[in-house]
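Visitor: Questions regarding the structure given below will be posed in turn.
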Amino acid sequence: MNATIPTTLAQGLDAIVQTNAPLAAHTWFGVGGSADMLVQPKSEDALRELVRRCFMENLPVRVLGSGANLLVLEEGVPGVVVKLDQPAFTQWTLRPDGDANSVLAPAGVDVLKLLNTCVREGLDGICQMAGIPASMGGATRMNAGGKYGCIGDAIQAVATMNNRGAITVHPRNAIQFSYRHSSLPQELILWTLLQFTPDNPDTLRTKMLEIYKYKKNSQPLAENSAGCLFRNPIAQDGTRASAGRLIDLAGLKGFTHGSAFVSAEHANFVCVHKNGRANDVLELARIIQDRVRDSQGVQIEMEVAVWGRSFEPKEKM
Ligand SMILES: Cc1cc2nc3c(=O)[nH]c(=O)nc-3n(C[C@H](O)[C@H](O)[C@H](O)COP(=O)(O)OP(=O)(O)OC[C@H]3O[C@@H](n4cnc5c(N)ncnc54)[C@H](O)[C@@H]3O)c2cc1C
């Protein structure tokens, strides 16, 4: 175990604990190094106690969702990675408190599984998420979505836990959702309350499949990637320019660097070969940024979170 983590850190916690835990299989890139410690708490109490202990020990805590917007570097991740994939965090409640049109979704809920259930139940609100792999916590954090809308459109409230274990409930009107961003504090997202409108399940199924078809026809969903690597930058007229188009104009579609390559189908998808290197992805990202800046005069920023010992997390609990 990493010398900075006391052996007693997770002692007595109702949790699955692994030291030097490889994270590649937990991410959609499928590459990269290990976390000093990976903890999968089995209850909210265990989670609260864990984050309090980490706070006391001054250890960094990172939350791993479904790993669909994450690059873990070979150098590994310091401190504790928490994954909310045990039943206490993956089971949603349809119509909590008798509210016919809402769903309470803990952070570990698989958004696509929830989407399928909502469609079957005749609840319309998250069809825009078709084809977007995410945990509820990860989707809420960055307001995931696209052409057809984003998760924030359906959010009624969000609960977060701070690094001392205190929980705050944020009502919808206290949260700003914008392009791939939520104004929530840099805390662990515990659950999201979603609001739906009733509709015919067959109509909803058609809508969901149409959105999925659009995505499947325009993006390389089967490759190892994290979706769009870069944020769409703000153009001079204030609208968002397509980062994919800028990369394409820089002549980089299909460009390869080691085991990483720019998709020939969608230039904002940077993919990596099986058993490839996360560092190749990061190096390629820097090459793309340089080429786009030099050829188009635009600075593009990464959307994907990068975890590594030499990287201060952008989002810190
Ligand atoms: C094939 C493919 C297609 C994609 N298409 C789209 C798309 O169309 N639109 C889109 O928006 N995205 C897309 N993405 C990216 C990804 O689906 C979204 O960013 C999604 O929201 C990531 O959720 P996650 O649970 O996987 O988060 P992770 O990748 O696990 O984490 C991402 C960030 O969120 C933080 N986080 C995760 N859970 C929590 C929590 N409970 N509390 C606090 N912070 C948390 C992590 O710490 C990290 O900083 C795509 C990805 C892939 C692989």
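By convention in this document, the chains of the structure tokens carry letters A, B, ... by their order, each chain's residues are numbered from 1, and ligands are numbered from 1 in the order they are shown.
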Write out as a VMD selection string all residues of region 79-275 of chain A that backbone DSSP assigns to alpha helix (DSSP H).

Guide: chain A and resid 87 to 90 111 to 120 136 to 142 201 to 218 243 to 249

Visitor: Region 184-199 of chain A: which residues within 8 Å, counting only C-alpha atoms, same-chain residues fewer than 3 positions away excluded, as a compact mmCIF listing (two decimals) with C-alpha atoms, in the first residue's frame?

Guide:
```txt
# COMPACT_ATOMS: atom_id res chain seq x y z
CA VAL A 63 -15.37 9.75 -6.97
CA ASN A 101 -43.95 11.59 -11.81
CA SER A 102 -40.64 11.57 -10.02
CA VAL A 103 -37.73 9.19 -9.52
CA LEU A 104 -35.10 9.27 -6.79
CA ALA A 105 -31.81 8.09 -8.25
CA PRO A 106 -28.75 7.50 -6.04
CA ALA A 107 -25.41 8.49 -7.58
CA GLY A 122 -44.35 5.72 -19.46
CA LEU A 123 -42.22 8.42 -17.85
CA ASP A 124 -40.76 11.02 -20.20
CA GLY A 125 -37.81 13.17 -19.11
CA MET A 136 -26.34 9.43 -12.19
CA GLY A 137 -23.64 11.21 -10.14
CA THR A 140 -25.41 15.32 -12.85
CA ARG A 141 -21.90 16.64 -12.10
CA ALA A 154 -35.16 16.72 -15.70
CA ILE A 155 -33.52 17.54 -12.36
CA GLN A 156 -35.67 18.65 -9.45
CA ALA A 157 -33.09 18.45 -6.62
CA VAL A 158 -29.62 17.09 -5.88
CA ALA A 159 -28.05 16.00 -2.58
CA THR A 160 -24.31 16.39 -2.02
CA MET A 161 -22.00 15.24 0.78
CA ASN A 162 -19.02 17.36 1.79
CA ASN A 163 -15.63 16.13 2.98
CA ILE A 175 -28.56 25.07 -9.36
CA GLN A 176 -27.47 26.52 -12.70
CA THR A 203 -44.13 6.72 -28.16
CA LEU A 204 -41.26 7.05 -25.70
CA GLU A 315 -12.74 18.82 -9.26
CA LYS A 316 -11.66 18.29 -5.69
CA MET A 317 -13.82 17.16 -2.81
```

Visitor: Just the number, please: distance in Å from atom 46 (C, counted along the ligand's line) of ligand 1 to CA of His170 (chain A), one decimal.

Guide: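 A separation of 18.8 Å between them.
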
Visitor: May I have the residues within 9 Å of Ser242 (chain A) as a list in words, using only C-alpha atoms and disregarding those fewer than 4 positions away in the same chain?

Guide: Arg231, Asn232, Pro233, Leu246, Ile247 and Asn268 of chain A

Visitor: Output the selection as a short mmCIF file (atom, residue, chain, number, x, y, z; two decimals), in the first residue's frame - C-alpha atoms for each residue.

Guide:
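Written output follows (result12.cif):
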```
data_model
loop_
_atom_site.label_atom_id
_atom_site.label_comp_id
_atom_site.auth_asym_id
_atom_site.auth_seq_id
_atom_site.Cartn_x
_atom_site.Cartn_y
_atom_site.Cartn_z
CA ARG A 231 -15.29 21.10 -24.93
CA ASN A 232 -16.83 23.08 -27.77
CA PRO A 233 -15.19 26.52 -27.47
CA LEU A 246 -11.89 22.53 -35.67
CA ILE A 247 -9.89 19.30 -35.25
CA ASN A 268 -13.65 14.99 -31.24
#
```

Visitor: Given only C-alpha atoms as the basis, pick out the residue of A:Val270, A:Ala226, A:Val109, A:Ile16 nearest to Leu71 (chain A).

Guide: A:Ala226

Visitor: Within 7 Å of ligand 1, which residues show up when you count only C-alpha atoms and all ligand atoms? List them as an MDAnalysis selection string, please.

Guide: chainID A and resid 28 62:70 107:108 131:146 180 187:190 220:222 225:228 305 315

Visitor: To test your reading of the structure, identify every residue in region 156-248 of chain A that backbone DSSP assigns to strand (DSSP E or B), and report it as an mmCIF file with N, CA and C atoms, in the first residue's frame.

Guide:
```cif
data_model
loop_
_atom_site.group_PDB
_atom_site.id
_atom_site.type_symbol
_atom_site.label_atom_id
_atom_site.label_comp_id
_atom_site.auth_asym_id
_atom_site.auth_seq_id
_atom_site.Cartn_x
_atom_site.Cartn_y
_atom_site.Cartn_z
ATOM 1 N N GLN A 156 -34.837 17.898 -10.388
ATOM 2 C CA GLN A 156 -35.674 18.648 -9.450
ATOM 3 C C GLN A 156 -34.880 19.032 -8.201
ATOM 4 N N ALA A 157 -33.940 18.178 -7.798
ATOM 5 C CA ALA A 157 -33.093 18.447 -6.625
ATOM 6 C C ALA A 157 -31.893 17.499 -6.647
ATOM 7 N N VAL A 158 -30.825 17.919 -5.973
ATOM 8 C CA VAL A 158 -29.618 17.085 -5.879
ATOM 9 C C VAL A 158 -29.114 17.148 -4.432
ATOM 10 N N ALA A 159 -28.668 15.998 -3.915
ATOM 11 C CA ALA A 159 -28.049 15.995 -2.580
ATOM 12 C C ALA A 159 -26.554 15.775 -2.719
ATOM 13 N N THR A 160 -25.765 16.571 -1.997
ATOM 14 C CA THR A 160 -24.310 16.395 -2.023
ATOM 15 C C THR A 160 -23.798 16.162 -0.598
ATOM 16 N N MET A 161 -22.644 15.494 -0.522
ATOM 17 C CA MET A 161 -21.998 15.245 0.779
ATOM 18 C C MET A 161 -20.636 15.931 0.760
ATOM 19 N N ILE A 167 -24.528 16.489 4.664
ATOM 20 C CA ILE A 167 -25.329 16.418 3.430
ATOM 21 C C ILE A 167 -26.126 17.709 3.231
ATOM 22 N N THR A 168 -26.129 18.216 1.994
ATOM 23 C CA THR A 168 -26.934 19.390 1.645
ATOM 24 C C THR A 168 -27.843 19.015 0.481
ATOM 25 N N VAL A 169 -29.111 19.416 0.583
ATOM 26 C CA VAL A 169 -30.028 19.196 -0.546
ATOM 27 C C VAL A 169 -30.163 20.514 -1.309
ATOM 28 N N HIS A 170 -29.892 20.466 -2.609
ATOM 29 C CA HIS A 170 -29.944 21.665 -3.457
ATOM 30 C C HIS A 170 -31.201 21.600 -4.323
ATOM 31 N N PRO A 171 -32.161 22.499 -4.095
ATOM 32 C CA PRO A 171 -33.346 22.494 -4.962
ATOM 33 C C PRO A 171 -32.981 22.986 -6.354
ATOM 34 N N PHE A 177 -27.594 24.992 -14.543
ATOM 35 C CA PHE A 177 -27.062 24.005 -15.475
ATOM 36 C C PHE A 177 -26.769 24.711 -16.791
ATOM 37 N N SER A 178 -25.556 24.494 -17.302
ATOM 38 C CA SER A 178 -25.226 25.058 -18.617
ATOM 39 C C SER A 178 -24.463 23.992 -19.401
ATOM 40 N N HIS A 181 -21.928 21.595 -17.692
ATOM 41 C CA HIS A 181 -21.530 22.191 -16.403
ATOM 42 C C HIS A 181 -22.726 22.312 -15.475
ATOM 43 N N SER A 182 -22.481 22.039 -14.189
ATOM 44 C CA SER A 182 -23.487 22.367 -13.170
ATOM 45 C C SER A 182 -22.782 23.225 -12.120
ATOM 46 N N LEU A 188 -19.251 15.380 -3.141
ATOM 47 C CA LEU A 188 -19.737 14.110 -3.680
ATOM 48 C C LEU A 188 -21.250 14.204 -3.904
ATOM 49 N N ILE A 189 -21.695 13.848 -5.097
ATOM 50 C CA ILE A 189 -23.139 13.834 -5.363
ATOM 51 C C ILE A 189 -23.688 12.514 -4.839
ATOM 52 N N LEU A 190 -24.722 12.618 -3.999
ATOM 53 C CA LEU A 190 -25.255 11.442 -3.315
ATOM 54 C C LEU A 190 -26.489 10.901 -4.035
ATOM 55 N N TRP A 191 -27.386 11.781 -4.392
ATOM 56 C CA TRP A 191 -28.555 11.369 -5.182
ATOM 57 C C TRP A 191 -29.105 12.540 -5.975
ATOM 58 N N THR A 192 -29.925 12.192 -6.963
ATOM 59 C CA THR A 192 -30.575 13.183 -7.823
ATOM 60 C C THR A 192 -32.063 12.849 -7.883
ATOM 61 N N LEU A 193 -32.894 13.863 -7.705
ATOM 62 C CA LEU A 193 -34.339 13.666 -7.829
ATOM 63 C C LEU A 193 -34.747 14.170 -9.215
ATOM 64 N N LEU A 194 -35.395 13.270 -9.984
ATOM 65 C CA LEU A 194 -35.749 13.608 -11.369
ATOM 66 C C LEU A 194 -37.252 13.777 -11.512
ATOM 67 N N GLN A 195 -37.639 14.707 -12.361
ATOM 68 C CA GLN A 195 -39.060 14.994 -12.615
ATOM 69 C C GLN A 195 -39.421 14.524 -14.022
ATOM 70 N N THR A 197 -42.706 13.581 -17.098
ATOM 71 C CA THR A 197 -44.115 13.771 -17.477
ATOM 72 C C THR A 197 -44.613 12.456 -18.060
ATOM 73 N N PRO A 198 -45.865 12.102 -17.759
ATOM 74 C CA PRO A 198 -46.375 10.829 -18.254
ATOM 75 C C PRO A 198 -46.549 10.844 -19.771
ATOM 76 N N CYS A 228 -16.649 12.804 -26.377
ATOM 77 C CA CYS A 228 -15.902 13.965 -26.873
ATOM 78 C C CYS A 228 -14.779 14.317 -25.903
ATOM 79 N N PHE A 230 -12.811 17.072 -26.102
ATOM 80 C CA PHE A 230 -12.685 18.519 -25.884
ATOM 81 C C PHE A 230 -14.046 19.193 -25.766
ATOM 82 N N ILE A 234 -16.209 28.693 -27.165
ATOM 83 C CA ILE A 234 -17.141 29.778 -27.507
ATOM 84 C C ILE A 234 -16.559 30.552 -28.692
ATOM 85 N N ARG A 240 -21.414 28.361 -29.516
ATOM 86 C CA ARG A 240 -20.378 27.339 -29.343
ATOM 87 C C ARG A 240 -19.946 26.809 -30.710
#
```
